[in-house]
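Asks: Questions regarding the structure given below will be posed in turn.
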Number of protein chains: 2
Amino acid sequence: MKLPKGFRYAGVSAGIKPHRKDVALVTSLVPAAGAGCFTVNKAKAAPCLDAEKRLPMADLRAVVVNSGNANALTGNAGLEAVQAVHAATAEALSILPANVVSASTGVIGVRLPHDKITAALPTLVASLREVPEDAADAIMTTDTRRKIAHRTVTLDGREVRLLAIAKGSGMIAPQLATMIVIVTTDCAIAPPLLQDALGSAMASTFNSLTVDDDMSTNDAVFALANGEAGNKRITTQNKDFVAFAATLKDLCAELTRAIAADGEGATKRLETEVTGAPSEVVAKDIALAISGSYLVKSALFGADPNWGRILATVGARAGSQGYAVNPYRARVIIHGVLVYDGGPVNHDKTVLRARMREPEVKVEVNLAEKGPGDWTAWGCDLSYDYVKINADYTSLVVETETGGVKKDDRLSNYCPAC
Amino acid sequence: MKLPKGFRYAGVSAGIKPHRKDVALVTSLVPAAGAGCFTVNKAKAAPCLDAEKRLPMADLRAVVVNSGNANALTGNAGLEAVQAVHAATAEALSILPANVVSASTGVIGVRLPHDKITAALPTLVASLREVPEDAADAIMTTDTRRKIAHRTVTLDGREVRLLAIAKGSGMIAPQLATMIVIVTTDCAIAPPLLQDALGSAMASTFNSLTVDDDMSTNDAVFALANGEAGNKRITTQNKDFVAFAATLKDLCAELTRAIAADGEGATKRLETEVTGAPSEVVAKDIALAISGSYLVKSALFGADPNWGRILATVGARAGSQGYAVNPYRARVIIHGVLVYDGGPVNHDKTVLRARMREPEVKVEVNLAEKGPGDWTAWGCDLSYDYVKINADYTSLVVETETGGVKKDDRLSNYCPAC
């Protein structure tokens with residue numbers, strides 16, 4: 001893993017969640033271009049409301065993230081908590097509050113215990129390292145796996161490095177389908193161009209991902225570019241910009257797949273490719289509808305080759321949205337097995353069932369409309385564990401707060417409420 | 001139960017499903033006005049494609065319904081099977097094929113074994129009775145309870161009776177959110193007026209219901225009105241029409257609630273009332289989004305008072321659809337307990353949790369927009385059993401066909417695949 005120059009990362013326990021890292025800090029040693037993309041949810045969390053107004057910016061130095069509490073639907077108290085966290089972070093790093101943005105993830109509607117975060121800041125700053133693992137761990141909620149991705153790209157003869165940490169497991173739907181991602185890069189690029197590159201990476205990555213069709217109040221993707229690679233600063237959409245943007249998108253695509261595979265309760269990942277639609281918009285809508293269908297997801301969990309549900313979903317979107325799509329004419333391939341081609345196709349159900357037990361299942365739907373609309377969406381299956389995790393969520397907090405019972409590993413991962 | 005005059009009902013086993021009634025017949029002794037509403041799914045099943053073209057009509061005599069096979073995505077063979085069933089039904093009843101419509105429900109994409117139905121028709125006709133229970137049983141799929149509702153209304157001094165049988169449990173979403181409903185009434189009413197009354201009953205009933213947001217290929221609601229009550233025939237939208245239409249809507253509302261309570265895997269019913277929205281369209285969209293949310297439904301299953309998910313869903317729709325709605329200003333009441341009113345409200349979580357364990361939970365969301373938009377939607381919780389039922393669906397067919405293992409009652413209810 002080649003680390004972008006000039007960044008430090010830390011993650012510690014501030015006591016928002018018991019016995020787990022719950023506050024992360026990512027900082028650039030020099031002022032960095034800062035960009036961000038945020039959920040379009042109108043019940044947007046306080047830190048998102050704050051950061052959205054202030055990005056892009058030229059002098060971002062720090063992103064501080066807590067898990068265990070979303071600071072969403074918390075009103076003015078929530079916005080004041082954000083200011084308090086920024087002030088304390090600035091003081092601990094000897095920078096200005098204007099150089100700091102933040103994010104939160106966890107239970108909605110509970111006041112952020114910001115005093116715990118401010119109290120932990122000296123420790124957090126003292127823990128800053130060149131490696132991102134602790135920070136990646138501290139932003140996890142129901143994630144079962146740490147998510148880090150990295151890339152390099154040569155621009156202007158210089159090696160430019162990109163690294164991202166991510167969390168995301170449930171309440172995942174466009175837009176923005178992630179929970180929190182922080183991209184650090186030593187690329188030299190003007191803030192508006194960084195924002196462009198980040199924004200254009202979203203459509204085919206985090207906005208083509210659904211775990212449960214539930215849009216978060218806290219989705220946020222940040223990018224910090226500090227110029228330490230020494231490449232010629234990107235200020236227009238030149239070929240360096242194109243190369244950088246493509247690398248950034250590729251990085252986001254890897255994290256999209258990682259989040260899909262680690263969706264709450266997921267036992268397998270679903271890739272849905274729709275081709276031959278009248279437009280990309282239609283292809284994307286249908287691909288996401290298939291990925292989000294309760295019935296498709298349940299069938300995937302049970303490796304049940306119930307392909308009728310896939311075409312029923314195509315027909316449902318076509319009918320309700322008025323798309324010029326005829327599901328009867330489609331071709332459907334489930335993980336390499338042709339099951340429908342303008343009519344049911346005889347296939348070996350034992351083979352198909354076995355293929356559907358693989359950890360990644362690809363569904364291909366060609367709509368045979370000879371249109372230019374192709375799109376790929378990402379998702380996962382719907383298992384008992386998804387229900388378990390989300391049926392017990394708040395209850396678990398209360399039980400944990402009062403010294404409650406031991407839960408299985410998956411459940412213990414999100415105490416209390418993140 | 002006051003039965004509409006001049007109708008007969010039957011339900012027998014034709015061998016599409018082993019050991020269960022799987023073909024139902026509803027017939028009027030005299031030609032009846034016939035009306036129908038159908039799914040907008042473009043992967044519409046063959047019997048729906050046929051009936052939709054032919055209704056409303058003045059001389060409907062029989063509706064024949066099979067469970068165990070949806071006859072959807074079956075191409076020309078599917079349409080030919082419909083004709084064969086209609087011809088055999090007409091012959092057995094000494095009427096014309098033009099007097100018959102049909103419906104199917106069950107697994108998608110498998111050829112309808114129409115010879116089993118035609119072979120069973122003599123027995124089916126011989127079984128016709130004045131009572132609807134056998135017919136109601138024969139259309140069930142994953143339903144755990146028979147669904148029959150009835151009403152009377154006095155029109156022009158005559159008692160007019162309405163009765164409906166319904167099935168519906170999974171793959172339930174607008175529009176049309178039911179599976180199959182047959183309304184019989186002895187009202188004298190012109191076919192276009194019957195169609196109007198039926199169509200206008202849909203919006204607040206079957207189109208305000210979701211179990212899993214998955215739109216069926218086979219949703220169909222039929223109405224037969226044979227005039228045997230002797231009321232003055234309704235030919236305009238007069239006060240008799242208004243009274244009849246209101247009674248019909250009330251009947252459909254009862255079945256809507258019955259289907260919601262018996263949703264696949266449901267342990268409780270959810271009623272979501274949205275008020276104060278800018279318009280009815282917005283209120284309905286938000287009410288259905290809350291009812292269909294994986295996270296809200298999971299929390300309901302676990303009696304987890306996670307009200308943040310309700311407002312997150314409001315914000316998600318407002319943000320993605322551009323509604324003039326501010327979730328921060330809303331008021332949320334969960335089964336009588338105020339949890340949010342422009343900000344979190346302290347409440348007794350033990351009380352709320354206990355209330356959420358009741359078999360019916362009502363969520364009220366006032367959007368405080370002073371708008372005229374009010375709407376109520378119906379749904380249910382998301383349980384392990386929903387996943388189990390839908391993960392095993394096709395597999396179960398195969399196992400049953402090969403003499404497979406004993407399943408629990410819920411699962412045995414849908415062998416093979418209905």
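Labeling convention for the structure tokens: chains A, B, ... as they appear, residues from 1 per chain, ligands from 1 in order of appearance.
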Show me, as a count of residues only, the residues of chain A whose atoms get within 7 Å of chain B, using only C-alpha atoms for the distance check.

Replies: 47

Asks: Using only C-alpha atoms, determine which residues lie at most 12 Å from Gly15 in chain A, disregarding the query and same-chain residues fewer than 3 positions distant; provide the list as a list of chain:residue names.

Replies: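 In the requested format, the answer is A:Val12, A:Pro18, A:His19, A:Arg20, A:Lys21, A:Asp22, A:Val23, A:Asn66, A:Ser67, A:Gly68, A:Asn69, A:Leu112, A:Pro113, A:His114, A:Asp115, A:Lys116, A:Ile117, A:Thr118, A:Ala119, A:Ala120, A:Ala138, A:Glu401, A:Cys415, A:Pro416.
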
Asks: List as a ChimeraX atom specification the protein and nucleic acid residues near Arg61 in chain B, meaning an atom at most 6 Å away when only C-alpha atoms are counted, but skip any in the same chain fewer than 4 places from it.

Replies: /B:27-28,31,99

Asks: Excluding same-chain residues fewer than 2 positions from Gly263 in chain A, what lies within 7 Å of it counting only C-alpha atoms, as a list in words?

Replies: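 After dropping sequence-adjacent residues, the list is Ser169, Gly170, Val211, Ile259, Ala260, Ala261, Gly265, Ala266 and Cys380 of chain A.
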
Asks: Export N, CA and C atoms of the chosen residues as a PDB file, in the first residue's frame?

Replies:
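Okay, part14.pdb is ready:
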```
ATOM      1  N   SER A 169     -22.803  -0.299   5.512  1.00  0.00           N
ATOM      2  CA  SER A 169     -23.302  -1.661   5.636  1.00  0.00           C
ATOM      3  C   SER A 169     -24.823  -1.693   5.521  1.00  0.00           C
ATOM      4  N   GLY A 170     -25.487  -0.805   6.246  1.00  0.00           N
ATOM      5  CA  GLY A 170     -26.944  -0.733   6.158  1.00  0.00           C
ATOM      6  C   GLY A 170     -27.377   0.689   5.896  1.00  0.00           C
ATOM      7  N   VAL A 211     -28.221  -1.502  -0.495  1.00  0.00           N
ATOM      8  CA  VAL A 211     -28.323  -2.646   0.394  1.00  0.00           C
ATOM      9  C   VAL A 211     -29.787  -2.837   0.767  1.00  0.00           C
ATOM     10  N   ILE A 259     -18.562  -2.517  -0.057  1.00  0.00           N
ATOM     11  CA  ILE A 259     -19.735  -2.218   0.780  1.00  0.00           C
ATOM     12  C   ILE A 259     -20.873  -3.178   0.441  1.00  0.00           C
ATOM     13  N   ALA A 260     -21.067  -3.465  -0.846  1.00  0.00           N
ATOM     14  CA  ALA A 260     -22.132  -4.403  -1.241  1.00  0.00           C
ATOM     15  C   ALA A 260     -21.888  -5.774  -0.617  1.00  0.00           C
ATOM     16  N   ALA A 261     -20.660  -6.234  -0.670  1.00  0.00           N
ATOM     17  CA  ALA A 261     -20.346  -7.562  -0.140  1.00  0.00           C
ATOM     18  C   ALA A 261     -20.499  -7.619   1.374  1.00  0.00           C
ATOM     19  N   GLY A 265     -26.017  -8.305   7.035  1.00  0.00           N
ATOM     20  CA  GLY A 265     -26.549  -9.654   6.897  1.00  0.00           C
ATOM     21  C   GLY A 265     -26.192 -10.358   5.601  1.00  0.00           C
ATOM     22  N   ALA A 266     -25.452  -9.682   4.729  1.00  0.00           N
ATOM     23  CA  ALA A 266     -25.209 -10.232   3.392  1.00  0.00           C
ATOM     24  C   ALA A 266     -24.406 -11.527   3.456  1.00  0.00           C
ATOM     25  N   CYS A 380     -26.810  -6.855  -2.543  1.00  0.00           N
ATOM     26  CA  CYS A 380     -26.509  -8.087  -1.824  1.00  0.00           C
ATOM     27  C   CYS A 380     -27.816  -8.809  -1.522  1.00  0.00           C
TER      28      CYS A 380
END
```

Asks: What gap, in Å, lies between CA of Cys252 in chain B and CA of Leu198 in chain B?

Replies: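 Separation between CA of Cys252 in chain B and CA of Leu198 in chain B: 9.2 Å.
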
Asks: With only C-alpha atoms as the atoms that count, which of B:Val26, B:Ala258, B:Leu163, B:Leu128 lies nearest to Thr205 in chain B?

Replies: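 Under the stated criterion, the closest residue is B:Ala258.
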
Asks: Enter the distance from CA of Leu288 in chain B to CA of Pro359 in chain B, in Å, rounded to one decimal.

Replies: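 Taking CA of Leu288 in chain B as the start and CA of Pro359 in chain B as the end point, the length is 19.5 Å.
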
Asks: So that I can see what lies close to Arg161 in chain A, please list as a PyMOL selection string the residues with an atom at most 9 Å from it, counting only C-alpha atoms and leaving out residues fewer than 3 positions away in the same chain.

Replies: chain A and resi 2-5+150-154+184-187+229

Asks: Keeping only N, CA and C atoms, take the residues you just selected and write them out as a compact mmCIF listing (two decimals), in the first residue's frame.

Replies:
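As a result, out_8.txt now contains:
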```
# COMPACT_ATOMS: atom_id res chain seq x y z
N LYS A 2 0.82 2.00 -1.10
CA LYS A 2 1.60 3.24 -1.17
C LYS A 2 0.75 4.38 -0.63
N LEU A 3 1.19 4.97 0.46
CA LEU A 3 0.40 6.00 1.14
C LEU A 3 0.61 7.37 0.52
N PRO A 4 -0.44 8.11 0.32
CA PRO A 4 -0.28 9.48 -0.17
C PRO A 4 0.59 10.27 0.82
N LYS A 5 1.45 11.11 0.28
CA LYS A 5 2.35 11.86 1.16
C LYS A 5 1.59 12.94 1.94
N HIS A 150 -6.73 1.68 -2.37
CA HIS A 150 -5.68 2.62 -2.77
C HIS A 150 -5.32 2.44 -4.23
N ARG A 151 -4.79 3.48 -4.81
CA ARG A 151 -4.42 3.50 -6.22
C ARG A 151 -3.21 4.44 -6.40
N THR A 152 -2.53 4.22 -7.51
CA THR A 152 -1.54 5.22 -7.92
C THR A 152 -1.81 5.57 -9.38
N VAL A 153 -1.44 6.77 -9.75
CA VAL A 153 -1.57 7.18 -11.14
C VAL A 153 -0.41 8.13 -11.44
N THR A 154 0.16 8.00 -12.63
CA THR A 154 1.27 8.88 -12.97
C THR A 154 0.75 10.09 -13.73
N THR A 184 -7.98 10.42 0.54
CA THR A 184 -6.82 11.31 0.66
C THR A 184 -5.93 11.09 -0.56
N THR A 185 -5.44 12.18 -1.11
CA THR A 185 -4.53 12.05 -2.25
C THR A 185 -3.51 13.17 -2.19
N ASP A 186 -2.30 12.86 -2.69
CA ASP A 186 -1.27 13.90 -2.72
C ASP A 186 -1.24 14.63 -4.07
N CYS A 187 -2.31 14.44 -4.83
CA CYS A 187 -2.42 15.14 -6.12
C CYS A 187 -2.52 16.65 -5.88
N ALA A 229 2.45 15.40 -4.00
CA ALA A 229 3.07 14.58 -5.05
C ALA A 229 3.93 15.43 -5.97
```

Asks: Any chance you could list, as a PyMOL selection string, the residues in range 119-170 of chain A that come up helix (DSSP H, G or I) when DSSP is run on the backbone?

Replies: chain A and resi 119-126+133-138

Asks: Grab the residues selected above and save them as a compact mmCIF listing (two decimals), in the first residue's frame with all heavy atoms.

Replies:
```
# COMPACT_ATOMS: atom_id res chain seq x y z
N ALA A 119 -13.02 15.63 24.66
CA ALA A 119 -12.12 15.12 25.69
C ALA A 119 -11.09 14.15 25.10
O ALA A 119 -9.96 14.04 25.59
CB ALA A 119 -12.93 14.42 26.79
N ALA A 120 -11.50 13.45 24.03
CA ALA A 120 -10.61 12.45 23.43
C ALA A 120 -9.63 13.06 22.43
O ALA A 120 -8.70 12.38 21.98
CB ALA A 120 -11.44 11.37 22.74
N LEU A 121 -9.81 14.33 22.08
CA LEU A 121 -9.01 14.88 20.98
C LEU A 121 -7.51 14.91 21.23
O LEU A 121 -6.74 14.58 20.32
CB LEU A 121 -9.54 16.26 20.58
CG LEU A 121 -10.53 16.15 19.41
CD1 LEU A 121 -11.40 17.37 19.28
CD2 LEU A 121 -9.79 15.87 18.12
N PRO A 122 -7.05 15.25 22.44
CA PRO A 122 -5.59 15.19 22.66
C PRO A 122 -5.04 13.78 22.40
O PRO A 122 -4.02 13.63 21.73
CB PRO A 122 -5.46 15.59 24.13
CG PRO A 122 -6.67 16.46 24.39
CD PRO A 122 -7.78 15.85 23.56
N THR A 123 -5.74 12.76 22.88
CA THR A 123 -5.30 11.38 22.63
C THR A 123 -5.33 11.06 21.14
O THR A 123 -4.43 10.42 20.60
CB THR A 123 -6.25 10.39 23.35
OG1 THR A 123 -6.50 10.86 24.66
CG2 THR A 123 -5.66 8.99 23.39
N LEU A 124 -6.39 11.53 20.51
CA LEU A 124 -6.56 11.25 19.09
C LEU A 124 -5.40 11.86 18.29
O LEU A 124 -4.78 11.20 17.45
CB LEU A 124 -7.90 11.85 18.63
CG LEU A 124 -8.42 11.50 17.24
CD1 LEU A 124 -8.68 10.00 17.10
CD2 LEU A 124 -9.71 12.27 16.94
N VAL A 125 -5.07 13.10 18.61
CA VAL A 125 -3.98 13.78 17.90
C VAL A 125 -2.65 13.10 18.20
O VAL A 125 -1.81 12.92 17.31
CB VAL A 125 -3.96 15.28 18.26
CG1 VAL A 125 -2.69 15.95 17.76
CG2 VAL A 125 -5.20 15.98 17.67
N ALA A 126 -2.48 12.68 19.44
CA ALA A 126 -1.23 12.00 19.81
C ALA A 126 -1.11 10.65 19.10
O ALA A 126 -0.01 10.11 18.97
CB ALA A 126 -1.19 11.80 21.33
N GLU A 133 -5.23 2.30 9.28
CA GLU A 133 -6.07 1.21 9.79
C GLU A 133 -6.93 1.62 10.99
O GLU A 133 -8.12 1.28 11.05
CB GLU A 133 -5.22 -0.02 10.15
CG GLU A 133 -4.76 -0.84 8.96
CD GLU A 133 -3.57 -0.22 8.20
OE1 GLU A 133 -3.04 0.83 8.65
OE2 GLU A 133 -3.19 -0.78 7.16
N ASP A 134 -6.34 2.30 11.95
CA ASP A 134 -7.12 2.67 13.14
C ASP A 134 -8.27 3.60 12.78
O ASP A 134 -9.37 3.48 13.32
CB ASP A 134 -6.23 3.35 14.19
CG ASP A 134 -5.33 2.35 14.91
OD1 ASP A 134 -5.54 1.12 14.74
OD2 ASP A 134 -4.41 2.79 15.63
N ALA A 135 -8.01 4.53 11.88
CA ALA A 135 -9.08 5.44 11.45
C ALA A 135 -10.18 4.66 10.75
O ALA A 135 -11.38 4.89 10.99
CB ALA A 135 -8.52 6.52 10.53
N ALA A 136 -9.78 3.71 9.89
CA ALA A 136 -10.78 2.89 9.18
C ALA A 136 -11.62 2.08 10.15
O ALA A 136 -12.83 1.91 9.96
CB ALA A 136 -10.09 1.97 8.17
N ASP A 137 -11.00 1.60 11.22
CA ASP A 137 -11.75 0.83 12.21
C ASP A 137 -12.73 1.72 12.99
O ASP A 137 -13.84 1.30 13.32
CB ASP A 137 -10.79 0.16 13.21
CG ASP A 137 -10.02 -0.99 12.56
OD1 ASP A 137 -10.37 -1.39 11.44
OD2 ASP A 137 -9.06 -1.47 13.20
N ALA A 138 -12.30 2.93 13.29
CA ALA A 138 -13.11 3.80 14.16
C ALA A 138 -14.38 4.28 13.50
O ALA A 138 -15.32 4.68 14.19
CB ALA A 138 -12.27 4.98 14.63
```

Asks: Quick one: everything within 7 Å of range 47-51 of chain A, counting only C-alpha atoms, minus sequence neighbours fewer than 3 positions away in the same chain. Send it as a list in words.

Replies: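 Result of the neighbour search: Phe38, Lys44, Arg54, Leu55, Val82, Val101, Ser102, Ala103, Ser104, Asn218 and Ala220 of chain A.
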
Asks: To one decimal place, how far is CA of Leu29 in chain A from CA of Asp240 in chain A in Å?

Replies: 23.9 Å
